[in-house]
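Peer 1: data-v2.cif is reproduced in full below (mmCIF, C-alpha atoms).
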data_work
#
loop_
_atom_site.label_atom_id
_atom_site.label_comp_id
_atom_site.auth_asym_id
_atom_site.auth_seq_id
_atom_site.Cartn_x
_atom_site.Cartn_y
_atom_site.Cartn_z
CA MET O 1 -15.57 26.71 71.45
CA LEU O 2 -17.58 23.50 71.48
CA LYS O 3 -17.68 21.55 68.25
CA ARG O 4 -20.80 20.16 66.65
CA ASN O 5 -20.96 16.39 66.46
CA ILE O 6 -22.00 14.62 63.29
CA TRP O 7 -25.24 13.39 64.94
CA ASP O 8 -26.13 16.95 65.97
CA HIS O 9 -27.08 17.83 62.38
CA ALA O 10 -30.62 17.04 61.51
CA ASP O 11 -30.54 17.56 57.75
CA TYR O 12 -26.92 17.26 56.59
CA HIS O 13 -25.97 13.62 57.20
CA CYS O 14 -26.42 12.66 53.56
CA PRO O 15 -24.11 15.40 52.11
CA ILE O 16 -21.56 14.86 54.89
CA VAL O 17 -21.26 11.13 54.14
CA GLY O 18 -21.43 11.56 50.35
CA THR O 19 -19.00 14.50 50.18
CA CYS O 20 -16.46 13.74 52.92
CA LEU O 21 -16.22 9.93 52.66
CA SER O 22 -15.24 8.00 49.54
CA VAL O 23 -16.85 4.63 48.76
CA ALA O 24 -13.57 2.86 49.53
CA GLU O 25 -13.40 4.58 52.94
CA GLN O 26 -17.00 3.61 53.69
CA ARG O 27 -16.25 -0.06 52.93
CA LYS O 28 -13.20 -0.02 55.21
CA LEU O 29 -15.17 1.66 58.04
CA ALA O 30 -18.01 -0.85 57.54
CA THR O 31 -15.59 -3.69 58.23
CA ARG O 32 -14.21 -1.81 61.21
CA ILE O 33 -17.58 -1.16 62.91
CA GLY O 34 -18.96 -4.58 62.01
CA LEU O 35 -21.59 -3.36 59.54
CA VAL O 36 -23.05 -6.40 57.78
CA LEU O 37 -24.38 -5.82 54.24
CA PRO O 38 -25.48 -8.25 51.54
CA ARG O 39 -22.70 -9.28 49.17
CA GLU O 40 -24.55 -7.70 46.22
CA ALA O 41 -25.12 -4.38 48.07
CA THR O 42 -24.61 -1.36 45.82
CA ASP O 43 -22.66 1.81 46.60
CA TYR O 44 -25.98 3.61 47.07
CA GLU O 45 -27.13 1.07 49.67
CA LEU O 46 -23.79 1.41 51.49
CA HIS O 47 -24.21 5.19 51.48
CA GLY O 48 -27.75 4.89 52.92
CA ALA O 49 -26.55 2.59 55.69
CA PHE O 50 -23.89 5.10 56.79
CA VAL O 51 -26.35 8.01 56.67
CA THR O 52 -28.57 6.05 59.06
CA LEU O 53 -25.68 5.12 61.36
CA VAL O 54 -24.34 8.67 61.87
CA LYS O 55 -27.74 9.97 63.02
CA ARG O 56 -27.34 8.23 66.40
CA PRO O 57 -24.57 9.05 68.95
CA ASP O 58 -23.34 5.48 69.23
CA HIS O 59 -20.09 3.67 68.47
CA ALA O 60 -20.46 3.69 64.68
CA ALA O 61 -21.08 7.46 64.48
CA ARG O 62 -18.10 8.14 66.77
CA VAL O 63 -15.79 6.00 64.64
CA VAL O 64 -16.88 7.87 61.48
CA GLN O 65 -16.46 11.25 63.19
CA LYS O 66 -13.02 10.34 64.51
CA HIS O 67 -11.94 9.17 61.05
CA LEU O 68 -13.09 12.47 59.49
CA ASP O 69 -11.32 14.52 62.19
CA ARG O 70 -8.05 12.73 61.45
CA LYS O 71 -8.56 13.04 57.70
CA PHE O 72 -9.29 16.78 57.79
CA ARG O 73 -7.32 17.89 60.86
CA ARG O 74 -5.48 20.59 58.88
CA GLN O 75 -8.76 22.14 57.69
CA LEU O 76 -10.28 21.89 61.20
CA LYS O 77 -7.31 23.77 62.59
CA ARG O 78 -7.74 26.62 60.11
CA PHE O 79 -11.48 26.94 60.72
CA SER O 80 -10.98 26.84 64.49
CA ARG O 81 -9.26 30.24 64.27
CA ALA O 82 -12.19 31.84 62.39
CA GLU O 83 -15.10 33.44 64.21
CA GLY O 84 -18.39 34.68 62.81
CA ASP O 85 -20.24 33.84 59.63
CA GLU O 86 -18.30 36.33 57.51
CA ALA O 87 -14.91 34.89 58.44
CA LEU O 88 -16.20 31.34 58.04
CA TRP O 89 -17.75 32.17 54.65
CA ALA O 90 -14.55 33.82 53.43
CA LEU O 91 -12.47 30.82 54.50
CA TRP O 92 -14.99 28.42 52.92
CA THR O 93 -14.90 30.36 49.65
CA GLU O 94 -11.09 30.37 49.58
CA MET O 95 -10.78 26.63 50.19
CA ALA O 96 -13.65 25.73 47.85
CA ASP O 97 -12.06 27.77 45.04
CA ALA O 98 -8.83 25.88 45.71
CA GLY O 99 -10.71 22.56 45.25
CA ASP O 100 -10.71 21.45 48.90
CA ILE O 101 -14.51 21.16 49.21
CA PRO O 102 -14.71 17.95 51.37
CA GLY O 103 -12.28 19.28 54.00
CA ALA O 104 -13.86 22.73 54.15
CA PHE O 105 -17.38 21.26 54.32
CA TRP O 106 -16.50 18.99 57.27
CA ALA O 107 -14.70 21.82 59.08
CA VAL O 108 -17.79 24.07 58.76
CA MET O 109 -20.11 21.30 59.91
CA ARG O 110 -17.90 20.70 62.96
CA HIS O 111 -17.55 24.43 63.80
CA GLY O 112 -19.69 25.35 66.79
CA GLY O 113 -19.96 29.02 65.81
CA ALA O 114 -21.50 28.52 62.39
CA SER O 115 -25.08 29.69 62.17
CA GLU O 116 -27.85 27.61 60.63
CA THR O 117 -28.14 30.20 57.84
CA LEU O 118 -24.47 29.78 56.95
CA LEU O 119 -24.74 26.00 57.11
CA ALA O 120 -27.77 26.06 54.82
CA GLN O 121 -26.00 28.39 52.41
CA ILE O 122 -22.90 26.19 52.27
CA TYR O 123 -25.07 23.07 51.94
CA GLY O 124 -26.78 24.69 48.96
CA GLU O 125 -23.40 25.28 47.33
CA VAL O 126 -22.34 21.68 47.94
CA HIS O 127 -25.69 20.40 46.68
CA MET O 128 -25.40 22.32 43.39
CA LEU O 129 -21.75 21.33 43.02
CA SER O 130 -22.78 17.67 43.35
CA HIS O 131 -25.03 18.09 40.32
CA LEU O 132 -22.22 19.66 38.32
CA VAL O 133 -19.79 17.01 39.48
CA GLY O 134 -22.22 14.26 38.50
CA ALA O 135 -22.58 15.65 34.98
CA SER O 136 -18.85 16.15 34.61
CA THR O 137 -18.23 12.69 36.06
CA ARG O 138 -20.37 11.08 33.40
CA ALA O 139 -18.45 12.97 30.73
CA GLU O 140 -15.19 12.00 32.37
CA LEU O 141 -16.28 8.35 32.49
CA ARG O 142 -17.09 8.46 28.81
CA ARG O 143 -13.74 10.06 28.07
CA LEU O 144 -12.09 7.53 30.38
CA ALA O 145 -13.68 4.66 28.45
CA GLU O 146 -12.50 6.17 25.17
CA THR O 147 -9.05 6.74 26.65
CA GLU O 148 -8.88 3.15 27.93
CA ALA O 149 -9.91 1.83 24.51
CA ARG O 150 -7.30 4.02 22.88
CA ALA O 151 -4.76 2.87 25.47
CA GLU O 152 -5.57 -0.76 24.62
CA ARG O 153 -5.06 -0.05 20.93
CA LEU O 154 -1.80 1.73 21.68
CA GLU O 155 -0.68 -1.13 23.91
CA ALA O 156 -1.44 -3.61 21.12
CA ALA O 157 0.45 -1.45 18.64
CA LEU O 158 3.28 -1.08 21.14
CA ALA O 159 3.40 -4.85 21.67
CA GLN O 160 3.47 -5.37 17.92
CA ARG O 161 6.18 -2.75 17.60
CA LYS O 162 8.17 -4.39 20.37
CA THR O 163 7.87 -7.71 18.56
CA VAL O 164 9.09 -6.10 15.34
CA LEU O 165 11.92 -4.43 17.23
CA ARG O 166 12.87 -7.69 18.93
CA GLN O 167 12.92 -9.39 15.55
CA ALA O 168 14.97 -6.51 14.12
CA VAL O 169 17.39 -6.74 17.04
CA ALA O 170 17.70 -10.50 16.51
CA VAL O 171 18.40 -9.93 12.81
CA TRP O 172 20.87 -7.18 13.73
CA LYS O 173 22.65 -9.48 16.20
CA ARG O 174 22.84 -12.26 13.62
CA ARG O 175 24.18 -9.80 11.09
CA CYS O 176 26.75 -8.54 13.61
CA LEU O 177 27.90 -12.10 14.25
CA GLU O 178 28.16 -12.69 10.51
CA LEU O 179 30.11 -9.45 10.06
CA GLU O 180 32.39 -10.39 12.94
CA ARG O 181 33.05 -13.77 11.35
CA GLU O 182 33.66 -12.10 7.99
CA ALA O 183 35.97 -9.56 9.65
CA SER O 184 37.85 -12.37 11.36
CA ALA O 185 38.19 -14.22 8.06
CA GLU O 186 39.32 -11.01 6.37
CA ARG O 187 41.93 -10.45 9.08
CA ALA O 188 43.15 -14.00 8.58
CA ARG O 189 43.39 -13.43 4.81
CA ARG O 190 45.28 -10.20 5.34
CA GLU O 191 47.67 -11.85 7.76
CA LYS O 192 48.23 -14.63 5.25
CA ALA O 193 48.80 -12.10 2.47
CA GLU O 194 51.22 -10.18 4.66
CA ARG O 195 53.16 -13.36 5.39
CA GLU O 196 53.27 -14.17 1.70
CA ARG O 197 54.42 -10.63 0.93
CA VAL O 198 57.20 -10.89 3.49
CA SER O 199 58.18 -14.28 2.12
CA LEU O 200 58.18 -12.92 -1.42
CA ARG O 201 60.29 -9.95 -0.40
CA GLU O 202 62.74 -12.24 1.31
CA LEU O 203 62.79 -14.45 -1.78
CA LEU O 204 63.40 -11.50 -4.06
CA GLU O 205 66.14 -10.19 -1.82
CA SER O 206 67.78 -13.60 -1.75
CA ARG O 207 67.80 -14.02 -5.54
CA SER O 208 70.97 -13.18 -7.35
CA ILE O 209 71.40 -10.27 -9.73
CA ALA O 210 71.97 -12.71 -12.57
CA GLU O 211 68.56 -14.27 -12.11
CA LEU O 212 66.94 -10.82 -12.09
CA GLU O 213 68.77 -9.94 -15.32
CA ARG O 214 67.50 -13.12 -16.97
CA ASP O 215 63.96 -12.29 -15.90
CA ARG O 216 64.31 -8.76 -17.24
CA GLU O 217 65.53 -10.04 -20.61
CA ALA O 218 62.69 -12.55 -20.79
CA LEU O 219 60.19 -9.84 -20.01
CA ALA O 220 61.72 -7.59 -22.69
CA ILE O 221 61.30 -10.37 -25.25
CA GLN O 222 57.70 -10.90 -24.20
CA LEU O 223 57.13 -7.17 -24.54
CA GLU O 224 58.46 -7.17 -28.11
CA HIS O 225 56.18 -10.09 -28.99
CA MET O 226 53.22 -8.30 -27.46
CA GLN O 227 53.97 -5.12 -29.39
CA ASP O 228 54.13 -7.12 -32.63
CA ARG O 229 50.80 -8.73 -31.81
CA VAL O 230 49.26 -5.33 -31.05
CA VAL O 231 50.42 -3.96 -34.43
CA GLU O 232 49.00 -7.02 -36.19
CA ALA O 233 45.70 -6.72 -34.26
CA GLU O 234 45.38 -3.03 -35.21
CA ALA O 235 45.93 -3.86 -38.87
CA GLN O 236 43.32 -6.65 -38.69
CA ALA O 237 40.86 -4.26 -36.99
CA ARG O 238 41.33 -1.74 -39.81
CA ARG O 239 40.66 -4.50 -42.38
CA HIS O 240 37.50 -5.57 -40.52
CA ALA O 241 36.33 -1.95 -40.32
CA ALA O 242 36.76 -1.60 -44.07
CA ILE O 243 34.78 -4.83 -44.64
CA ILE O 244 31.98 -3.64 -42.31
CA GLU O 245 31.83 -0.29 -44.11
CA ASP O 246 31.59 -2.09 -47.48
CA ASN O 247 28.80 -4.28 -46.05
CA TYR O 248 26.91 -1.17 -44.86
CA ARG O 249 27.17 0.40 -48.33
CA GLU O 250 26.06 -2.84 -49.97
CA GLU O 251 23.10 -3.17 -47.55
CA ALA O 252 22.03 0.42 -48.29
CA ALA O 253 22.21 -0.26 -52.03
CA LEU O 254 20.17 -3.47 -51.62
CA ARG O 255 17.57 -1.64 -49.52
CA ALA O 256 17.27 1.04 -52.22
CA ALA O 257 16.97 -1.63 -54.91
CA LEU O 258 14.34 -3.48 -52.85
CA ALA O 259 12.31 -0.30 -52.39
CA GLU O 260 12.51 0.40 -56.12
CA ARG O 261 11.45 -3.20 -56.82
CA GLU O 262 8.47 -2.86 -54.47
CA ARG O 263 7.41 0.33 -56.24
CA GLU O 264 7.70 -1.48 -59.59
CA VAL O 265 5.63 -4.42 -58.24
CA ALA O 266 2.95 -2.05 -56.97
CA ALA O 267 2.83 -0.30 -60.35
CA LEU O 268 2.57 -3.65 -62.15
CA GLU O 269 -0.21 -4.77 -59.79
CA ARG O 270 -2.22 -1.63 -60.51
CA ALA O 271 -1.61 -2.07 -64.27
CA MET O 272 -2.76 -5.71 -64.20
CA LEU O 273 -5.84 -5.17 -62.04
CA PRO O 274 -8.20 -3.82 -64.79
CA GLY O 275 -7.45 -6.92 -66.87
CA LEU O 276 -8.08 -9.21 -63.92
CA ALA O 277 -11.49 -7.69 -63.32
CA ALA O 278 -12.68 -8.74 -66.79
CA GLN O 279 -11.36 -12.31 -66.59
CA THR O 280 -14.37 -14.11 -65.13
CA PRO O 281 -14.28 -17.67 -66.57
CA CYS O 282 -18.04 -18.04 -66.93
CA GLY O 283 -18.97 -14.41 -67.41
CA GLY O 284 -20.71 -14.27 -64.05
CA VAL O 285 -23.39 -16.90 -64.81
CA CYS O 286 -23.05 -20.24 -63.04
CA ASP O 287 -25.80 -22.63 -64.22
CA ASP O 288 -23.88 -25.71 -63.14
CA PRO O 289 -21.87 -24.91 -59.95
CA ALA O 290 -20.15 -28.31 -59.97
CA ALA O 291 -18.74 -27.79 -63.50
CA CYS O 292 -18.25 -23.99 -63.18
CA PRO O 293 -14.62 -22.89 -63.78
CA CYS O 294 -15.08 -19.90 -61.40
CA PRO O 295 -13.10 -19.86 -58.14
CA ARG O 296 -14.50 -21.70 -55.13
CA LEU O 297 -14.71 -18.39 -53.25
CA ARG O 298 -17.60 -17.29 -55.41
CA GLY O 299 -20.44 -16.14 -53.18
CA LYS O 300 -18.18 -15.94 -50.11
CA CYS O 301 -17.45 -12.83 -48.03
CA VAL O 302 -13.82 -12.09 -47.00
CA LEU O 303 -12.84 -9.40 -44.45
CA TYR O 304 -9.49 -7.61 -45.09
CA VAL O 305 -8.19 -5.95 -41.89
CA GLY O 306 -5.42 -3.31 -42.28
CA GLY O 307 -3.47 -2.73 -45.44
CA ARG O 308 -3.03 0.49 -47.37
CA THR O 309 -6.02 2.82 -47.44
CA GLY O 310 -5.12 3.98 -50.98
CA LEU O 311 -5.52 0.42 -52.35
CA LYS O 312 -9.00 -0.11 -50.88
CA SER O 313 -10.77 -0.09 -54.26
CA GLU O 314 -8.06 -2.33 -55.82
CA TYR O 315 -8.49 -4.79 -52.92
CA LYS O 316 -12.23 -5.04 -53.64
CA THR O 317 -11.63 -5.43 -57.41
CA LEU O 318 -9.18 -8.28 -56.77
CA GLY O 319 -11.71 -9.91 -54.43
CA ALA O 320 -14.33 -9.71 -57.17
CA ARG O 321 -11.85 -11.49 -59.50
CA PHE O 322 -11.88 -14.39 -57.08
CA GLY O 323 -15.67 -14.27 -57.01
CA CYS O 324 -16.03 -13.08 -53.41
CA GLU O 325 -17.24 -9.92 -51.73
CA LEU O 326 -14.31 -8.16 -50.00
CA LEU O 327 -15.03 -6.11 -46.87
CA HIS O 328 -12.37 -3.71 -45.55
CA HIS O 329 -11.52 -2.45 -42.05
CA ASP O 330 -8.54 -0.08 -41.53
CA GLY O 331 -7.34 -1.88 -38.39
CA GLY O 332 -8.35 0.83 -35.94
CA LEU O 333 -6.94 3.97 -37.59
CA GLU O 334 -10.37 5.58 -37.97
CA GLN O 335 -12.85 2.70 -37.66
CA SER O 336 -13.75 1.35 -34.21
CA ALA O 337 -13.43 -2.12 -32.74
CA GLN O 338 -17.23 -2.37 -32.70
CA ARG O 339 -17.21 -1.87 -36.48
CA LEU O 340 -14.66 -4.72 -36.75
CA ARG O 341 -17.01 -7.03 -34.81
CA GLN O 342 -19.93 -6.08 -37.12
CA LEU O 343 -17.92 -6.80 -40.29
CA LEU O 344 -16.55 -10.04 -38.84
CA SER O 345 -20.10 -11.33 -38.23
CA ARG O 346 -20.75 -11.02 -42.00
CA ALA O 347 -17.42 -12.51 -43.16
CA ASP O 348 -16.67 -16.16 -43.95
CA ALA O 349 -12.89 -15.68 -43.58
CA VAL O 350 -10.41 -12.96 -42.59
CA VAL O 351 -7.13 -11.79 -44.19
CA CYS O 352 -4.75 -9.57 -42.20
CA PRO O 353 -1.41 -8.22 -43.60
CA VAL O 354 1.18 -8.22 -40.82
CA ASP O 355 3.26 -5.39 -42.33
CA CYS O 356 0.49 -2.78 -42.27
CA VAL O 357 -1.63 -3.30 -39.15
CA SER O 358 -1.13 -2.71 -35.42
CA HIS O 359 -0.31 -5.48 -32.91
CA ASP O 360 -3.53 -4.72 -31.01
CA ALA O 361 -5.58 -5.19 -34.18
CA CYS O 362 -3.81 -8.51 -34.93
CA ALA O 363 -4.49 -9.72 -31.38
CA MET O 364 -8.17 -8.72 -31.60
CA VAL O 365 -8.55 -10.45 -34.98
CA LYS O 366 -7.07 -13.67 -33.54
CA ARG O 367 -9.35 -13.55 -30.51
CA LEU O 368 -12.53 -12.77 -32.44
CA CYS O 369 -11.86 -15.39 -35.13
CA ARG O 370 -11.09 -18.02 -32.48
CA GLY O 371 -14.35 -17.19 -30.70
CA ALA O 372 -16.36 -17.26 -33.95
CA SER O 373 -14.53 -20.35 -35.37
CA LYS O 374 -13.67 -18.51 -38.59
CA PRO O 375 -10.44 -19.02 -40.61
CA VAL O 376 -7.87 -16.21 -40.64
CA LEU O 377 -4.76 -15.80 -42.82
CA PHE O 378 -1.92 -13.39 -42.03
CA ALA O 379 -0.42 -12.10 -45.30
CA ARG O 380 3.26 -11.17 -45.33
CA SER O 381 2.66 -7.92 -47.26
CA SER O 382 -0.16 -5.44 -47.76
CA GLY O 383 0.27 -5.31 -51.53
CA LEU O 384 -2.10 -6.76 -54.09
CA SER O 385 0.18 -9.77 -54.56
CA GLY O 386 -0.07 -10.59 -50.84
CA LEU O 387 -3.87 -10.40 -51.00
CA ALA O 388 -3.91 -12.49 -54.18
CA SER O 389 -1.76 -15.15 -52.50
CA SER O 390 -4.08 -15.22 -49.46
CA LEU O 391 -7.24 -15.47 -51.63
CA THR O 392 -5.60 -18.26 -53.65
CA GLU O 393 -4.92 -20.15 -50.43
CA LEU O 394 -8.52 -19.64 -49.27
CA ASP O 395 -9.76 -20.83 -52.66
CA ARG O 396 -7.58 -23.95 -52.37
CA VAL O 397 -8.97 -24.66 -48.87
CA CYS O 398 -12.54 -24.31 -50.17
CA GLN O 399 -11.86 -27.09 -52.71
#
Let me see the file written as structure tokens.
Peer 2:
Amino acid sequence: MLKRNIWDHADYHCPIVGTCLSVAEQRKLATRIGLVLPREATDYELHGAFVTLVKRPDHAARVVQKHLDRKFRRQLKRFSRAEGDEALWALWTEMADAGDIPGAFWAVMRHGGASETLLAQIYGEVHMLSHLVGASTRAELRRLAETEARAERLEAALAQRKTVLRQAVAVWKRRCLELEREASAERARREKAERERVSLRELLESRSIAELERDREALAIQLEHMQDRVVEAEAQARRHAAIIEDNYREEAALRAALAEREREVAALERAMLPGLAAQTPCGGVCDDPAACPCPRLRGKCVLYVGGRTGLKSEYKTLGARFGCELLHHDGGLEQSAQRLRQLLSRADAVVCPVDCVSHDACAMVKRLCRGASKPVLFARSSGLSGLASSLTELDRVCQ
């Protein structure tokens, strides 16, 4: 059966070239047949040139046809055994479903027994598949670009990981060398110790029994001395334990006495406070401030931060005795830090007992007074005597 030549087809040159020849094959064949194209020629222009060349039965078309026959000789052999459109269509369908569309398409186009209807039908299939392939190719290109970008990132990460591993291997090798040197030194020490042990054993074996007896007696004497020292040390430890126990009892008694003394001082302070309130040197009227015997704190405002909540009224009475207005803030137990800032803006000085206020409140008082350039005194106790001592000091500074 005669075969159709590629130039015998009037309408199928474009799909034959586009489907059966890759761009790389077209460029190789172009060199072979002497096809001259501009250096900037696109793949589409190359395709158009080949479509034009295969329309004429000259050397170029024969070279292309011969190349395709060699490329798809297995498919041509299978189609050569089929006769009639039904057999050709069945074979086309089988090979197309298997993915061998270029080979099957060329074999059909070369088959001399294929009708124009069958060729048109198969061309329609190839034409529609080209649209699907184009769409899928664009998606594949996008995925390829993403894959290449991901591959670059992975390669960079791999290179970094290799660098880290190389560094780790270098550290490991250095550590192995160090361990080998240490092991060698340890072996040398053990060998030296073994030699010394052997020498000592030989020395001991060579010593006479008399020398060993003398050593044993000397050791027995040393043991007796050590036992005597142990007995003496145990007796001394018992004496020290008794002294420590007496000190503990004495400390407990002193603590109880101190607590009782503090309670007595607090009671005396409360008893003396009513009398202090009435002892205003000038009766509250200062016609001549320079000659007035009242304290220098008169007219001042002192902020007391912390202390005992139960002595709040006594604190204010004692402040009045010194002629000043005493403001009180509990140090953060119930009143806020904002309230402390408000009271501090009104005060001329601040007193803070360190035994009855939190560390945070002390730190805030220091910071706020430093920022406002206001004096602050830290009283050692929160009793009335501690406040009186602080107010006395403030009164002395005012002079």
Peer 1: Using the chain letters and numbers from this file, what does the PyMOL selection byres ((chain O and resi 105-121) around 8) select? Give the answer as a PyMOL selection string.
Peer 2: chain O and resi 1-6+16+20+68+72+75-76+79-80+83-85+88-89+92+101-104+122-125
Peer 1: Go ahead and save the residues from that selection, with C-alpha atoms, as a compact mmCIF listing (two decimals), in the coordinates of the input.
Peer 2:
# COMPACT_ATOMS: atom_id res chain seq x y z
CA MET O 1 -15.57 26.71 71.45
CA LEU O 2 -17.58 23.50 71.48
CA LYS O 3 -17.68 21.55 68.25
CA ARG O 4 -20.80 20.16 66.65
CA ASN O 5 -20.96 16.39 66.46
CA ILE O 6 -22.00 14.62 63.29
CA ILE O 16 -21.56 14.86 54.89
CA CYS O 20 -16.46 13.74 52.92
CA LEU O 68 -13.09 12.47 59.49
CA PHE O 72 -9.29 16.78 57.79
CA GLN O 75 -8.76 22.14 57.69
CA LEU O 76 -10.28 21.89 61.20
CA PHE O 79 -11.48 26.94 60.72
CA SER O 80 -10.98 26.84 64.49
CA GLU O 83 -15.10 33.44 64.21
CA GLY O 84 -18.39 34.68 62.81
CA ASP O 85 -20.24 33.84 59.63
CA LEU O 88 -16.20 31.34 58.04
CA TRP O 89 -17.75 32.17 54.65
CA TRP O 92 -14.99 28.42 52.92
CA ILE O 101 -14.51 21.16 49.21
CA PRO O 102 -14.71 17.95 51.37
CA GLY O 103 -12.28 19.28 54.00
CA ALA O 104 -13.86 22.73 54.15
CA ILE O 122 -22.90 26.19 52.27
CA TYR O 123 -25.07 23.07 51.94
CA GLY O 124 -26.78 24.69 48.96
CA GLU O 125 -23.40 25.28 47.33
Peer 1: I need the residue nearest Glu45 in chain O from this list: O:Val305, O:Val23, O:Leu377, O:Leu212. Use only C-alpha atoms for the distance.
Peer 2: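 Residue with the minimum atom-to-atom distance to Glu45 in chain O: O:Val23.
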Peer 1: For the PyMOL selection byres ((chain O and resi 322) around 9), applied here, can you spell out every residue it catches as a ChimeraX atom specification?
Peer 2: /O:280,294-298,317-321,323-325,388,391-392,395
Peer 1: Around all of range 84-87 of chain O's listed atoms, make the axis-aligned box with 4 Å on each side and tell me centre and edge lengths in Å to one decimal, as JSON.
Peer 2:
{"center_x": -17.6, "center_y": 35.1, "center_z": 60.2, "size_x": 13.3, "size_y": 10.5, "size_z": 13.3}
Peer 1: O:Val36, O:Val169, O:Val17, O:Leu46: which is nearest Gln65 in chain O, counting all atoms listed in the file?
Peer 2: O:Val17
Peer 1: Could you pull the residues within 12 Å of Ala379 in chain O, counting all atoms listed in the file, minus those fewer than 3 positions along the same chain, as an NGL selection string?
Peer 2: :O and (304-307 or 350-357 or 362 or 376 or 382-394)
Peer 1: Any idea what the distance is between CA of Leu179 in chain O and CA of Val198 in chain O?
Peer 2: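 Taking CA of Leu179 in chain O as the start and CA of Val198 in chain O as the end point, the length is 27.9 Å.
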